[in-house]
file structure.cif (mmCIF, C-alpha atoms and all ligand atoms)
data_input
#
loop_
_atom_site.label_atom_id
_atom_site.label_comp_id
_atom_site.auth_asym_id
_atom_site.auth_seq_id
_atom_site.Cartn_x
_atom_site.Cartn_y
_atom_site.Cartn_z
CA MET E 1 -165.34 117.51 -322.20
CA ILE E 2 -165.40 117.74 -325.99
CA HIS E 3 -163.25 120.16 -327.87
CA ILE E 4 -162.56 120.70 -331.55
CA PHE E 5 -158.92 119.99 -332.30
CA GLU E 6 -159.23 120.23 -336.07
CA TRP E 7 -161.44 122.83 -337.78
CA ALA E 8 -161.09 121.70 -341.42
CA ASP E 9 -159.30 125.03 -341.77
CA SER E 10 -157.77 124.39 -345.15
CA PHE E 11 -161.37 124.25 -346.47
CA VAL E 12 -163.25 126.64 -344.19
CA GLY E 13 -162.15 130.20 -343.43
CA LYS E 14 -162.78 131.89 -340.09
CA SER E 15 -164.79 134.55 -341.92
CA GLU E 16 -167.15 131.86 -343.21
CA ILE E 17 -167.84 130.74 -339.66
CA GLU E 18 -168.27 134.38 -338.68
CA LEU E 19 -171.00 134.66 -341.33
CA GLN E 20 -172.92 131.88 -339.59
CA ARG E 21 -172.87 133.74 -336.27
CA PRO E 22 -176.19 135.63 -336.61
CA PHE E 23 -178.02 132.52 -337.83
CA ILE E 24 -176.67 130.47 -334.94
CA GLU E 25 -177.62 133.16 -332.44
CA ARG E 26 -181.16 133.20 -333.84
CA ILE E 27 -181.41 129.42 -333.67
CA HIS E 28 -180.02 129.46 -330.11
CA SER E 29 -182.78 131.78 -329.00
CA MET E 30 -185.38 129.84 -331.05
CA LEU E 31 -184.40 126.69 -329.16
CA LEU E 32 -184.57 128.43 -325.79
CA LYS E 33 -187.93 130.04 -326.56
CA GLY E 34 -189.27 126.94 -328.30
CA THR E 35 -190.40 128.80 -331.41
CA GLY E 36 -188.81 126.72 -334.23
CA ALA E 37 -190.37 123.96 -336.34
CA GLY E 38 -190.93 120.83 -334.28
CA HIS E 39 -190.72 122.80 -331.00
CA GLU E 40 -193.11 120.32 -329.38
CA TYR E 41 -190.17 117.87 -329.30
CA LEU E 42 -187.69 119.94 -327.30
CA GLY E 43 -187.96 117.89 -324.10
CA TRP E 44 -184.35 116.61 -324.53
CA LEU E 45 -183.00 120.17 -324.18
CA HIS E 46 -183.43 120.45 -320.39
CA LEU E 47 -183.83 116.74 -319.67
CA PRO E 48 -180.49 116.35 -317.82
CA SER E 49 -181.07 119.25 -315.41
CA GLU E 50 -184.78 118.58 -314.95
CA PHE E 51 -184.72 114.80 -314.65
CA ASN E 52 -187.40 113.69 -312.19
CA GLN E 53 -185.48 112.32 -309.20
CA ASP E 54 -188.25 109.92 -308.12
CA GLU E 55 -188.30 108.45 -311.62
CA LEU E 56 -184.52 108.12 -311.51
CA GLN E 57 -184.71 106.21 -308.22
CA ARG E 58 -187.41 103.95 -309.70
CA ILE E 59 -185.18 103.23 -312.74
CA LYS E 60 -182.26 102.33 -310.49
CA LYS E 61 -184.47 100.14 -308.29
CA ALA E 62 -185.84 98.29 -311.32
CA GLY E 63 -182.28 97.92 -312.64
CA ARG E 64 -181.22 96.26 -309.38
CA LYS E 65 -184.32 94.03 -309.44
CA ILE E 66 -183.56 92.90 -313.00
CA ALA E 67 -179.97 92.12 -311.99
CA GLN E 68 -181.30 89.88 -309.19
CA GLN E 69 -183.91 88.18 -311.34
CA ALA E 70 -181.84 87.46 -314.41
CA ASP E 71 -178.43 87.06 -315.94
CA VAL E 72 -179.76 87.92 -319.41
CA LEU E 73 -181.82 91.01 -320.17
CA VAL E 74 -183.43 91.02 -323.61
CA VAL E 75 -184.02 94.60 -324.71
CA ILE E 76 -186.62 94.76 -327.46
CA GLY E 77 -186.62 97.95 -329.55
CA ILE E 78 -185.46 99.53 -332.80
CA GLY E 79 -183.98 102.87 -333.91
CA GLY E 80 -184.00 105.34 -331.04
CA SER E 81 -185.44 102.65 -328.78
CA TYR E 82 -182.31 100.55 -329.20
CA LEU E 83 -179.21 102.38 -330.40
CA GLY E 84 -178.51 104.57 -327.35
CA ALA E 85 -178.25 101.68 -324.88
CA LYS E 86 -176.34 99.60 -327.42
CA ALA E 87 -173.85 102.45 -327.99
CA ALA E 88 -173.37 103.04 -324.26
CA LEU E 89 -172.75 99.37 -323.51
CA ASN E 90 -170.28 99.19 -326.39
CA VAL E 91 -168.35 102.14 -324.96
CA LEU E 92 -168.49 101.28 -321.27
CA GLN E 93 -168.27 97.52 -321.02
CA HIS E 94 -165.16 95.37 -321.24
CA SER E 95 -164.28 94.54 -324.87
CA PHE E 96 -164.67 90.84 -324.09
CA GLN E 97 -167.25 90.99 -321.35
CA ASP E 98 -168.90 87.69 -322.42
CA LEU E 99 -165.65 85.89 -321.65
CA LEU E 100 -164.97 87.47 -318.26
CA PRO E 101 -164.91 85.14 -315.27
CA SER E 102 -168.47 84.79 -314.00
CA HIS E 103 -167.98 86.80 -310.75
CA LYS E 104 -166.90 89.79 -312.83
CA LYS E 105 -169.51 89.32 -315.55
CA PRO E 106 -172.15 92.05 -315.56
CA MET E 107 -175.73 91.45 -316.70
CA HIS E 108 -175.70 90.26 -320.27
CA VAL E 109 -177.84 92.60 -322.38
CA ILE E 110 -179.09 91.13 -325.65
CA PHE E 111 -181.10 93.05 -328.22
CA ALA E 112 -184.12 91.89 -330.20
CA GLY E 113 -186.76 93.54 -332.35
CA GLN E 114 -184.10 95.60 -334.14
CA ASN E 115 -184.49 93.42 -337.22
CA MET E 116 -187.06 91.07 -338.70
CA SER E 117 -184.81 88.03 -339.01
CA GLY E 118 -186.47 84.78 -337.97
CA THR E 119 -183.02 83.18 -337.78
CA TYR E 120 -181.82 85.77 -335.25
CA LEU E 121 -184.93 85.43 -333.07
CA GLN E 122 -185.07 81.63 -333.25
CA GLU E 123 -181.40 81.38 -332.30
CA LEU E 124 -181.98 83.82 -329.45
CA LEU E 125 -184.80 81.57 -328.17
CA GLU E 126 -182.44 78.62 -328.39
CA ILE E 127 -179.97 80.10 -325.91
CA LEU E 128 -182.46 81.59 -323.44
CA ASP E 129 -183.27 78.26 -321.74
CA ASN E 130 -179.76 78.22 -320.30
CA HIS E 131 -180.26 81.56 -318.56
CA GLU E 132 -182.50 83.43 -316.19
CA VAL E 133 -184.26 85.98 -318.35
CA ALA E 134 -185.87 89.42 -317.99
CA ILE E 135 -187.27 91.57 -320.78
CA ASN E 136 -187.40 95.30 -321.36
CA VAL E 137 -189.69 96.04 -324.30
CA ILE E 138 -189.29 99.60 -325.58
CA SER E 139 -191.42 101.43 -328.12
CA LYS E 140 -192.52 105.04 -327.96
CA SER E 141 -195.34 104.60 -330.45
CA GLY E 142 -196.05 101.14 -329.11
CA THR E 143 -196.93 100.02 -332.61
CA THR E 144 -193.61 99.53 -334.47
CA THR E 145 -193.74 96.20 -336.30
CA GLU E 146 -190.24 94.85 -335.61
CA PRO E 147 -190.29 95.13 -331.79
CA ALA E 148 -194.01 94.30 -331.59
CA LEU E 149 -193.45 91.06 -333.48
CA ALA E 150 -190.38 90.12 -331.44
CA PHE E 151 -192.27 90.86 -328.23
CA ARG E 152 -195.16 88.65 -329.29
CA VAL E 153 -192.73 85.73 -329.59
CA LEU E 154 -190.72 86.50 -326.43
CA LYS E 155 -193.80 87.18 -324.29
CA GLN E 156 -195.12 83.77 -325.25
CA TYR E 157 -191.74 82.22 -324.40
CA MET E 158 -191.67 83.92 -320.98
CA GLU E 159 -195.25 82.90 -320.15
CA GLN E 160 -194.66 79.29 -321.16
CA ARG E 161 -191.42 79.12 -319.21
CA TYR E 162 -192.26 81.08 -316.05
CA GLY E 163 -196.07 81.11 -316.03
CA VAL E 164 -198.14 84.23 -316.68
CA THR E 165 -197.74 85.76 -313.20
CA GLU E 166 -193.96 85.32 -312.88
CA ALA E 167 -193.45 86.39 -316.52
CA ALA E 168 -195.26 89.65 -315.80
CA LEU E 169 -192.80 90.34 -312.98
CA ARG E 170 -189.87 89.84 -315.35
CA ILE E 171 -191.20 92.05 -318.16
CA TYR E 172 -190.66 95.81 -318.07
CA ALA E 173 -192.27 98.09 -320.66
CA THR E 174 -190.99 101.52 -321.68
CA THR E 175 -193.52 103.38 -323.78
CA ASP E 176 -195.87 106.34 -324.11
CA ALA E 177 -197.80 107.46 -321.02
CA ALA E 178 -201.18 106.72 -322.58
CA ARG E 179 -201.12 105.82 -326.27
CA GLY E 180 -200.29 102.71 -328.31
CA ALA E 181 -200.82 98.96 -328.25
CA LEU E 182 -197.84 98.37 -325.93
CA ARG E 183 -199.28 100.69 -323.27
CA ALA E 184 -202.63 98.86 -323.36
CA LEU E 185 -200.92 95.48 -323.26
CA ALA E 186 -198.60 96.46 -320.39
CA ASP E 187 -201.44 97.89 -318.31
CA GLN E 188 -203.54 94.81 -318.86
CA ALA E 189 -200.71 92.41 -317.97
CA GLY E 190 -199.54 94.51 -315.00
CA TYR E 191 -195.93 95.05 -316.14
CA GLU E 192 -193.84 97.70 -314.45
CA THR E 193 -193.79 100.56 -316.94
CA PHE E 194 -191.58 103.55 -317.66
CA VAL E 195 -192.66 106.56 -319.67
CA ILE E 196 -190.97 108.12 -322.69
CA PRO E 197 -191.90 111.78 -322.40
CA ASP E 198 -194.21 113.09 -325.16
CA ASP E 199 -191.78 115.88 -325.99
CA VAL E 200 -188.73 113.63 -326.55
CA GLY E 201 -188.42 111.96 -329.96
CA GLY E 202 -187.05 108.42 -330.29
CA ARG E 203 -183.56 109.35 -331.46
CA PHE E 204 -183.23 111.93 -328.65
CA SER E 205 -184.35 109.48 -325.95
CA VAL E 206 -181.11 107.85 -324.77
CA LEU E 207 -181.13 109.85 -321.52
CA THR E 208 -184.71 108.80 -320.68
CA PRO E 209 -185.73 105.37 -319.31
CA VAL E 210 -185.25 104.12 -322.89
CA GLY E 211 -181.48 104.12 -322.44
CA LEU E 212 -181.20 104.36 -318.68
CA LEU E 213 -183.12 101.26 -317.58
CA PRO E 214 -181.09 98.71 -319.61
CA LEU E 215 -177.92 100.51 -318.57
CA ALA E 216 -178.87 100.51 -314.88
CA ALA E 217 -179.60 96.77 -315.13
CA ALA E 218 -176.14 96.27 -316.63
CA GLY E 219 -174.54 98.05 -313.66
CA ILE E 220 -173.68 101.24 -315.52
CA ASP E 221 -173.42 104.39 -313.40
CA ILE E 222 -176.38 106.30 -314.85
CA ASP E 223 -175.95 109.12 -312.31
CA ALA E 224 -172.53 109.85 -313.78
CA MET E 225 -173.95 109.73 -317.28
CA LEU E 226 -176.66 112.25 -316.40
CA GLU E 227 -174.04 114.37 -314.64
CA GLY E 228 -172.00 114.53 -317.86
CA ALA E 229 -175.12 115.49 -319.81
CA ARG E 230 -175.91 118.19 -317.22
CA ILE E 231 -172.45 119.68 -317.67
CA ALA E 232 -173.01 119.63 -321.44
CA GLU E 233 -176.42 121.29 -321.05
CA LEU E 234 -174.76 124.10 -319.11
CA GLU E 235 -171.60 124.51 -321.18
CA LEU E 236 -173.30 124.20 -324.56
CA ASN E 237 -175.86 126.86 -323.71
CA GLU E 238 -173.40 129.42 -325.04
CA PRO E 239 -174.65 131.41 -328.08
CA ASP E 240 -171.19 132.29 -329.43
CA VAL E 241 -170.24 129.86 -332.21
CA PHE E 242 -166.54 130.30 -331.41
CA LYS E 243 -167.06 129.33 -327.78
CA ASN E 244 -169.61 126.56 -328.23
CA PRO E 245 -168.08 123.45 -329.90
CA ALA E 246 -171.51 121.93 -330.65
CA TYR E 247 -172.51 125.06 -332.57
CA ALA E 248 -169.12 125.27 -334.27
CA TYR E 249 -169.46 121.63 -335.36
CA ALA E 250 -172.95 122.39 -336.77
CA ALA E 251 -171.67 125.46 -338.61
CA LEU E 252 -168.61 123.69 -340.04
CA ARG E 253 -170.70 120.80 -341.40
CA GLN E 254 -173.09 123.19 -343.11
CA ILE E 255 -170.28 125.24 -344.64
CA VAL E 256 -168.62 122.10 -345.96
CA ARG E 257 -171.97 120.86 -347.32
CA SER E 258 -172.49 124.18 -349.11
CA LYS E 259 -169.19 123.53 -350.90
CA GLY E 260 -170.49 120.35 -352.45
CA LYS E 261 -169.65 117.59 -349.99
CA GLU E 262 -172.46 115.05 -349.69
CA ILE E 263 -171.24 112.39 -347.27
CA GLU E 264 -169.98 112.73 -343.72
CA LEU E 265 -167.86 109.86 -342.48
CA PHE E 266 -167.89 109.52 -338.69
CA VAL E 267 -164.52 108.02 -337.84
CA THR E 268 -163.44 106.45 -334.58
CA TYR E 269 -160.19 104.76 -333.60
CA GLU E 270 -161.54 102.75 -330.66
CA PRO E 271 -163.67 99.63 -331.37
CA GLY E 272 -165.78 100.52 -328.32
CA MET E 273 -166.98 103.60 -330.19
CA HIS E 274 -168.43 101.61 -333.10
CA TYR E 275 -172.04 101.82 -331.94
CA VAL E 276 -171.72 105.50 -331.10
CA GLY E 277 -171.25 105.76 -334.87
CA GLU E 278 -174.46 103.79 -335.41
CA TRP E 279 -176.34 105.98 -332.91
CA TRP E 280 -174.91 109.13 -334.53
CA LYS E 281 -176.01 107.94 -338.01
CA GLN E 282 -179.61 107.64 -336.89
CA LEU E 283 -179.53 110.98 -335.08
CA PHE E 284 -178.11 112.88 -338.03
CA GLY E 285 -179.75 110.87 -340.81
CA GLU E 286 -183.30 111.13 -339.50
CA SER E 287 -182.93 114.70 -338.28
CA GLU E 288 -181.36 116.22 -341.38
CA GLY E 289 -182.05 114.00 -344.36
CA LYS E 290 -185.23 115.57 -345.67
CA ASP E 291 -186.55 118.02 -348.27
CA GLY E 292 -183.74 116.89 -350.60
CA LYS E 293 -181.10 118.10 -348.11
CA GLY E 294 -178.56 116.71 -345.66
CA LEU E 295 -175.14 115.11 -345.54
CA PHE E 296 -175.41 111.33 -345.83
CA PRO E 297 -174.13 110.00 -342.49
CA ALA E 298 -171.73 107.07 -342.78
CA SER E 299 -169.31 105.65 -340.23
CA ALA E 300 -166.01 103.82 -340.22
CA ASP E 301 -163.71 102.20 -337.65
CA PHE E 302 -160.10 103.16 -338.31
CA SER E 303 -157.48 101.86 -338.56
CA THR E 304 -159.44 98.64 -339.39
CA ASP E 305 -161.34 100.24 -342.26
CA LEU E 306 -158.28 102.01 -343.62
CA HIS E 307 -157.57 98.56 -345.05
CA SER E 308 -160.94 98.50 -346.81
CA LEU E 309 -162.30 102.02 -347.27
CA GLY E 310 -159.00 103.89 -347.04
CA GLN E 311 -158.32 103.83 -350.76
CA PHE E 312 -161.73 105.35 -351.55
CA VAL E 313 -161.49 108.02 -348.87
CA GLN E 314 -158.03 109.06 -350.06
CA ASP E 315 -158.60 108.88 -353.76
CA GLY E 316 -162.17 108.09 -354.84
CA THR E 317 -165.11 110.38 -355.68
CA ARG E 318 -164.49 113.67 -353.86
CA SER E 319 -167.84 113.80 -352.08
CA LEU E 320 -166.65 113.08 -348.55
CA MET E 321 -165.96 115.00 -345.40
CA GLU E 322 -164.82 113.38 -342.16
CA THR E 323 -165.57 113.85 -338.50
CA VAL E 324 -162.85 112.16 -336.47
CA ILE E 325 -163.25 111.31 -332.79
CA ARG E 326 -160.08 111.22 -330.71
CA ILE E 327 -160.16 109.80 -327.17
CA LYS E 328 -157.77 111.78 -324.97
CA HIS E 329 -157.37 109.11 -322.26
CA THR E 330 -158.07 105.54 -323.30
CA ARG E 331 -159.33 103.01 -320.74
CA LYS E 332 -156.17 100.93 -320.85
CA THR E 333 -152.60 101.68 -321.91
CA LEU E 334 -150.48 98.91 -323.28
CA SER E 335 -146.76 99.55 -323.68
CA ILE E 336 -144.62 98.23 -326.47
CA GLU E 337 -141.41 96.61 -325.28
CA ALA E 338 -138.10 96.04 -327.02
CA VAL E 339 -137.30 92.41 -327.83
CA GLU E 340 -133.83 90.96 -328.22
CA GLN E 341 -133.48 90.11 -331.87
CA ASP E 342 -135.96 92.59 -333.36
CA MET E 343 -136.85 90.08 -336.09
CA ASP E 344 -140.13 91.90 -336.80
CA GLY E 345 -138.30 95.23 -336.96
CA LEU E 346 -140.61 96.89 -334.46
CA ASN E 347 -138.08 97.89 -331.81
CA TYR E 348 -138.23 101.46 -333.11
CA LEU E 349 -141.63 101.62 -331.36
CA ALA E 350 -140.31 100.42 -328.00
CA GLY E 351 -141.24 102.71 -325.13
CA LYS E 352 -144.41 103.91 -326.84
CA THR E 353 -147.91 102.76 -325.97
CA PHE E 354 -150.57 101.46 -328.34
CA SER E 355 -152.41 104.75 -327.71
CA ASP E 356 -149.36 106.67 -328.96
CA VAL E 357 -149.29 104.61 -332.15
CA ASN E 358 -153.07 104.81 -332.60
CA ASP E 359 -152.94 108.61 -332.17
CA THR E 360 -150.15 108.82 -334.70
CA ALA E 361 -152.23 106.78 -337.12
CA LEU E 362 -155.04 109.29 -336.57
CA GLU E 363 -152.80 112.32 -337.17
CA ALA E 364 -151.15 110.77 -340.22
CA THR E 365 -154.47 109.73 -341.74
CA MET E 366 -156.08 113.10 -341.15
CA LEU E 367 -153.17 114.80 -342.85
CA ALA E 368 -153.31 112.40 -345.79
CA HIS E 369 -157.08 112.71 -346.21
CA GLN E 370 -157.06 116.51 -345.97
CA THR E 371 -154.29 116.56 -348.59
CA GLY E 372 -156.53 114.29 -350.67
CA GLY E 373 -159.40 116.82 -350.53
CA VAL E 374 -161.40 115.52 -347.57
CA PRO E 375 -162.32 118.30 -345.12
CA THR E 376 -161.87 116.95 -341.61
CA ILE E 377 -163.32 118.04 -338.31
CA GLY E 378 -161.59 116.59 -335.25
CA LEU E 379 -163.48 116.21 -331.96
CA GLU E 380 -161.61 115.19 -328.84
CA LEU E 381 -163.48 113.39 -326.06
CA GLU E 382 -161.88 113.30 -322.61
CA ASP E 383 -162.27 109.55 -322.08
CA MET E 384 -164.71 106.66 -322.44
CA SER E 385 -166.40 107.09 -319.05
CA GLU E 386 -170.10 107.38 -318.21
CA LYS E 387 -169.69 111.11 -317.60
CA SER E 388 -167.99 111.80 -320.92
CA LEU E 389 -170.50 109.68 -322.77
CA GLY E 390 -173.42 111.59 -321.23
CA TYR E 391 -171.71 114.76 -322.42
CA LEU E 392 -171.19 113.31 -325.90
CA PHE E 393 -174.85 112.28 -326.29
CA TYR E 394 -176.04 115.76 -325.38
CA PHE E 395 -173.34 117.40 -327.55
CA PHE E 396 -174.55 115.66 -330.71
CA GLU E 397 -178.24 116.22 -329.89
CA LYS E 398 -177.62 119.95 -329.58
CA ALA E 399 -175.39 120.02 -332.66
CA VAL E 400 -177.88 118.22 -334.88
CA ALA E 401 -180.75 120.47 -333.85
CA VAL E 402 -178.73 123.57 -334.77
CA SER E 403 -177.31 122.02 -337.92
CA ALA E 404 -180.75 120.97 -339.21
CA TYR E 405 -182.21 124.40 -338.50
CA LEU E 406 -179.24 125.98 -340.32
CA SER E 407 -180.11 123.96 -343.41
CA GLY E 408 -183.78 124.93 -343.06
CA VAL E 409 -185.34 121.62 -342.05
CA ASN E 410 -187.33 120.51 -339.02
CA PRO E 411 -184.90 118.35 -336.98
CA PHE E 412 -187.58 116.53 -335.07
CA ASP E 413 -189.81 114.76 -337.59
CA GLN E 414 -189.10 111.76 -339.85
CA PRO E 415 -191.78 111.69 -342.56
CA GLY E 416 -189.57 109.63 -344.88
CA VAL E 417 -189.59 106.59 -342.60
CA GLU E 418 -193.27 106.02 -343.24
CA MET E 419 -193.32 105.09 -346.93
CA TYR E 420 -191.64 101.68 -346.61
CA LYS E 421 -193.97 100.83 -343.76
CA THR E 422 -197.07 101.70 -345.77
CA ASN E 423 -195.84 99.62 -348.71
CA MET E 424 -194.96 96.70 -346.44
CA PHE E 425 -198.33 96.78 -344.67
CA THR E 426 -200.13 96.85 -348.02
CA MET E 427 -198.11 93.90 -349.32
CA LEU E 428 -198.65 91.95 -346.09
CA GLY E 429 -202.40 92.68 -346.18
CA LYS E 430 -202.63 94.64 -342.92
CA PRO E 431 -206.25 95.68 -342.36
CA GLY E 432 -206.77 99.33 -343.32
CA TYR E 433 -204.10 99.40 -346.05
CA ASP E 434 -205.44 99.28 -349.61
CA LYS E 435 -203.76 97.92 -352.74
CA GLU E 436 -202.44 101.32 -353.89
CA GLY E 437 -200.18 101.50 -350.84
CA SER E 438 -202.07 104.15 -348.94
CA THR E 439 -204.06 103.89 -345.75
CA SER E 440 -207.81 103.69 -346.15
O1 LIG Y 1 -186.24 108.53 -333.96
C1 LIG Y 1 -187.30 107.96 -334.09
O2 LIG Y 1 -188.36 108.47 -333.71
C2 LIG Y 1 -187.39 106.58 -334.69
O3 LIG Y 1 -186.21 106.13 -335.24
C3 LIG Y 1 -187.85 105.57 -333.63
O4 LIG Y 1 -186.94 105.58 -332.57
C4 LIG Y 1 -187.99 104.15 -334.17
O5 LIG Y 1 -188.74 104.16 -335.35
C5 LIG Y 1 -188.68 103.26 -333.13
O6 LIG Y 1 -189.93 103.79 -332.82
P1 LIG Y 1 -190.75 103.33 -331.56
O7 LIG Y 1 -189.98 103.64 -330.34
O8 LIG Y 1 -192.02 104.12 -331.64
O9 LIG Y 1 -191.01 101.84 -331.70
#
call {"tool": "encode", "arguments": {"input": "structure.cif", "output": "structure tokens"}}
result
Amino acid sequence: MIHIFEWADSFVGKSEIELQRPFIERIHSMLLKGTGAGHEYLGWLHLPSEFNQDELQRIKKAGRKIAQQADVLVVIGIGGSYLGAKAALNVLQHSFQDLLPSHKKPMHVIFAGQNMSGTYLQELLEILDNHEVAINVISKSGTTTEPALAFRVLKQYMEQRYGVTEAALRIYATTDAARGALRALADQAGYETFVIPDDVGGRFSVLTPVGLLPLAAAGIDIDAMLEGARIAELELNEPDVFKNPAYAYAALRQIVRSKGKEIELFVTYEPGMHYVGEWWKQLFGESEGKDGKGLFPASADFSTDLHSLGQFVQDGTRSLMETVIRIKHTRKTLSIEAVEQDMDGLNYLAGKTFSDVNDTALEATMLAHQTGGVPTIGLELEDMSEKSLGYLFYFFEKAVAVSAYLSGVNPFDQPGVEMYKTNMFTMLGKPGYDKEGSTS
């Protein structure tokens, strides 16, 4: 469902990939045996094939209940507890779903707790009165400041509006099985809860209730998404780097990095893929950017950003590589027709579709950027369906694990995220944080 159509072959020789083969094979067996650094977080590896069917039914049932209770679902979460669902909705929903006629309008999913803006939250509160509301609060640790603070405000809103008992029936919590403030709070209030498995880290959690419950509520076919991920789990369990596109992608990135490239630009040509770029940035940034290593993950929407970043990519500091996503079958095809006077001079495109022109833009840009010294990897995704997206999520999870191990770092921790929090807590006077910025 994903294949590599461009191997950056003017920058990377086949023999260089061949050299990676033994390392990849070792990492493959390390992943299967669970012997590498961070092995306690390998739950994502067999998640699609081992998904608990009772839990899946419960997620779907809660999704249906939310859809009956509310027309707006506020999903509270940040990082891995937010980006997966956001990316999936961006891919799968109508580009203008807010403006669809009401009988076609799916549940409106709004996000909160992914920033600390009082303006954003206040303005969200301002619109909620016009809607029936349900909340899904998501935090693996149950202690992250942004979602905890947003939930404090929204819980109060729900209790004032619906009363404590009815509010509790409209609030769903997704968190750790036993630990954290959110677990204690949810148990005490009697919310329906969903568990984020201990062995699945936040950024690998899109195929757990973290991503699946909001998606089920929005009417997304989560069975198809898991089916796509199951196919990926099977197909990408191939040790040979030349037969496994996830491993080849990991190897290519590391070879390009070893030749001095520092930034990887994740490029899409469909606006619906924008948040896949955001999800991908977190996955790769937090998994690889440590111990002074890693490619800085950036993303761009072409051809839009060719009119802003294009100059730099073509001609600026030569520190970039690109990963370009091509969609083989787009959701809609729009044909270009000939018009009588051809005043705009576009009749030469008559008979083509927008997809044809978009694909040509992709080909032309790739050629130009490679000529300009930007190694480019091209990944083709079958389409923008639930099944393909499930495959894509798993593909990048597997690729980043292998890529991080290839560069010698633990893919599954994120020690660097803590320092800003410690500083912030100290400055805000959180009990237990002393003036030097360390916990006491
Ligand atoms: O990948 C990660 O573990 C992080 O980015 C988390 O997803 C993010 O910090 C949110 O954490 P939590 O779900 O504990 O609130």
call {"tool": "residues_around", "arguments": {"input": "structure.cif", "residues": "segment 409-426 of chain E", "least_positions_apart": "6", "cutoff": "10 Å", "atoms": "all atoms listed in the file", "output": "PyMOL selection string"}}
result
chain E and resi 36-42+144-145+200-204+283-294+397+400-403+432-439
call {"tool": "atom_distance", "arguments": {"input": "structure.cif", "atom1": "atom CA of Phe96 of chain E", "atom2": "atom CA of Val109 of chain E"}}
result
13.4 Å
call {"tool": "residues_around", "arguments": {"input": "structure.cif", "residues": "segment 26-35 of chain E", "least_positions_apart": "5", "cutoff": "12 Å", "atoms": "only C-alpha atoms", "output": "compact mmCIF listing (two decimals) with C-alpha atoms, in the coordinates of the input"}}
result
# COMPACT_ATOMS: atom_id res chain seq x y z
CA GLN E 20 -172.92 131.88 -339.59
CA ARG E 21 -172.87 133.74 -336.27
CA GLU E 40 -193.11 120.32 -329.38
CA TYR E 41 -190.17 117.87 -329.30
CA LEU E 42 -187.69 119.94 -327.30
CA GLY E 43 -187.96 117.89 -324.10
CA TRP E 44 -184.35 116.61 -324.53
CA LEU E 45 -183.00 120.17 -324.18
CA HIS E 46 -183.43 120.45 -320.39
CA ASP E 199 -191.78 115.88 -325.99
CA GLU E 233 -176.42 121.29 -321.05
CA LEU E 236 -173.30 124.20 -324.56
CA ASN E 237 -175.86 126.86 -323.71
CA GLU E 238 -173.40 129.42 -325.04
CA PRO E 239 -174.65 131.41 -328.08
CA ASP E 240 -171.19 132.29 -329.43
CA VAL E 241 -170.24 129.86 -332.21
CA ASN E 244 -169.61 126.56 -328.23
CA ALA E 246 -171.51 121.93 -330.65
CA TYR E 247 -172.51 125.06 -332.57
CA ALA E 250 -172.95 122.39 -336.77
CA ALA E 251 -171.67 125.46 -338.61
CA LYS E 398 -177.62 119.95 -329.58
CA ALA E 399 -175.39 120.02 -332.66
CA VAL E 400 -177.88 118.22 -334.88
CA ALA E 401 -180.75 120.47 -333.85
CA VAL E 402 -178.73 123.57 -334.77
CA SER E 403 -177.31 122.02 -337.92
CA ALA E 404 -180.75 120.97 -339.21
CA TYR E 405 -182.21 124.40 -338.50
CA LEU E 406 -179.24 125.98 -340.32
CA SER E 407 -180.11 123.96 -343.41
CA GLY E 408 -183.78 124.93 -343.06
CA ASN E 410 -187.33 120.51 -339.02
CA PRO E 411 -184.90 118.35 -336.98
call {"tool": "closest_residue", "arguments": {"input": "structure.cif", "among": "E:Ala148, E:Met1, E:Leu212, E:Ile171", "to": "ligand LIG 1 (chain Y)", "atoms": "all atoms listed in the file"}}
result
E:Ala148
call {"tool": "closest_residue", "arguments": {"input": "structure.cif", "among": "E:Arg58, E:Lys140, E:Arg64, E:Arg253", "to": "ligand LIG 1 (chain Y)", "atoms": "all atoms listed in the file"}}
result
E:Lys140
call {"tool": "atom_distance", "arguments": {"input": "structure.cif", "atom1": "atom CA of His94 of chain E", "atom2": "atom CA of Val210 of chain E"}}
result
22.0 Å
call {"tool": "residues_around", "arguments": {"input": "structure.cif", "residues": "Val324 of chain E", "least_positions_apart": "2", "cutoff": "9 Å", "atoms": "only C-alpha atoms", "output": "VMD selection string"}}
result
chain E and resid 6 265 to 269 322 326 362 366 376 to 380
call {"tool": "closest_residue", "arguments": {"input": "structure.cif", "among": "E:Ile327, E:Ala224, E:Leu182, E:Ala300", "to": "ligand LIG 1 (chain Y)", "atoms": "only C-alpha atoms and all ligand atoms"}}
result
E:Leu182
call {"tool": "residues_around", "arguments": {"input": "structure.cif", "residues": "segment 74-80 of chain E", "least_positions_apart": "4", "cutoff": "8 Å", "atoms": "all atoms listed in the file", "output": "ChimeraX atom specification"}}
result
/E:84,109-115,133-139,146-147,150-151,202-206,214,279,282
call {"tool": "axis_aligned_box", "arguments": {"input": "structure.cif", "around": "ligand LIG 1 (chain Y)", "padding_each_side": "3 Å", "output": "AutoDock Vina command-line options"}}
result
--center_x -189.1 --center_y 105.2 --center_z -332.8 --size_x 11.8 --size_y 12.7 --size_z 11.0
call {"tool": "residues_around", "arguments": {"input": "structure.cif", "residues": "Arg179 of chain E", "least_positions_apart": "5", "cutoff": "12 Å", "atoms": "only C-alpha atoms", "output": "list in words"}}
result
Ser139, Lys140, Ser141, Gly142, Thr143, Thr174, Ala184, Leu185, Ala186, Asp187, Val195, Ile196, Pro197 and Asp198 of chain E
call {"tool": "atom_distance", "arguments": {"input": "structure.cif", "atom1": "atom CA of Gly180 of chain E", "atom2": "atom C5 of ligand LIG 1 (chain Y)"}}
result
12.6 Å
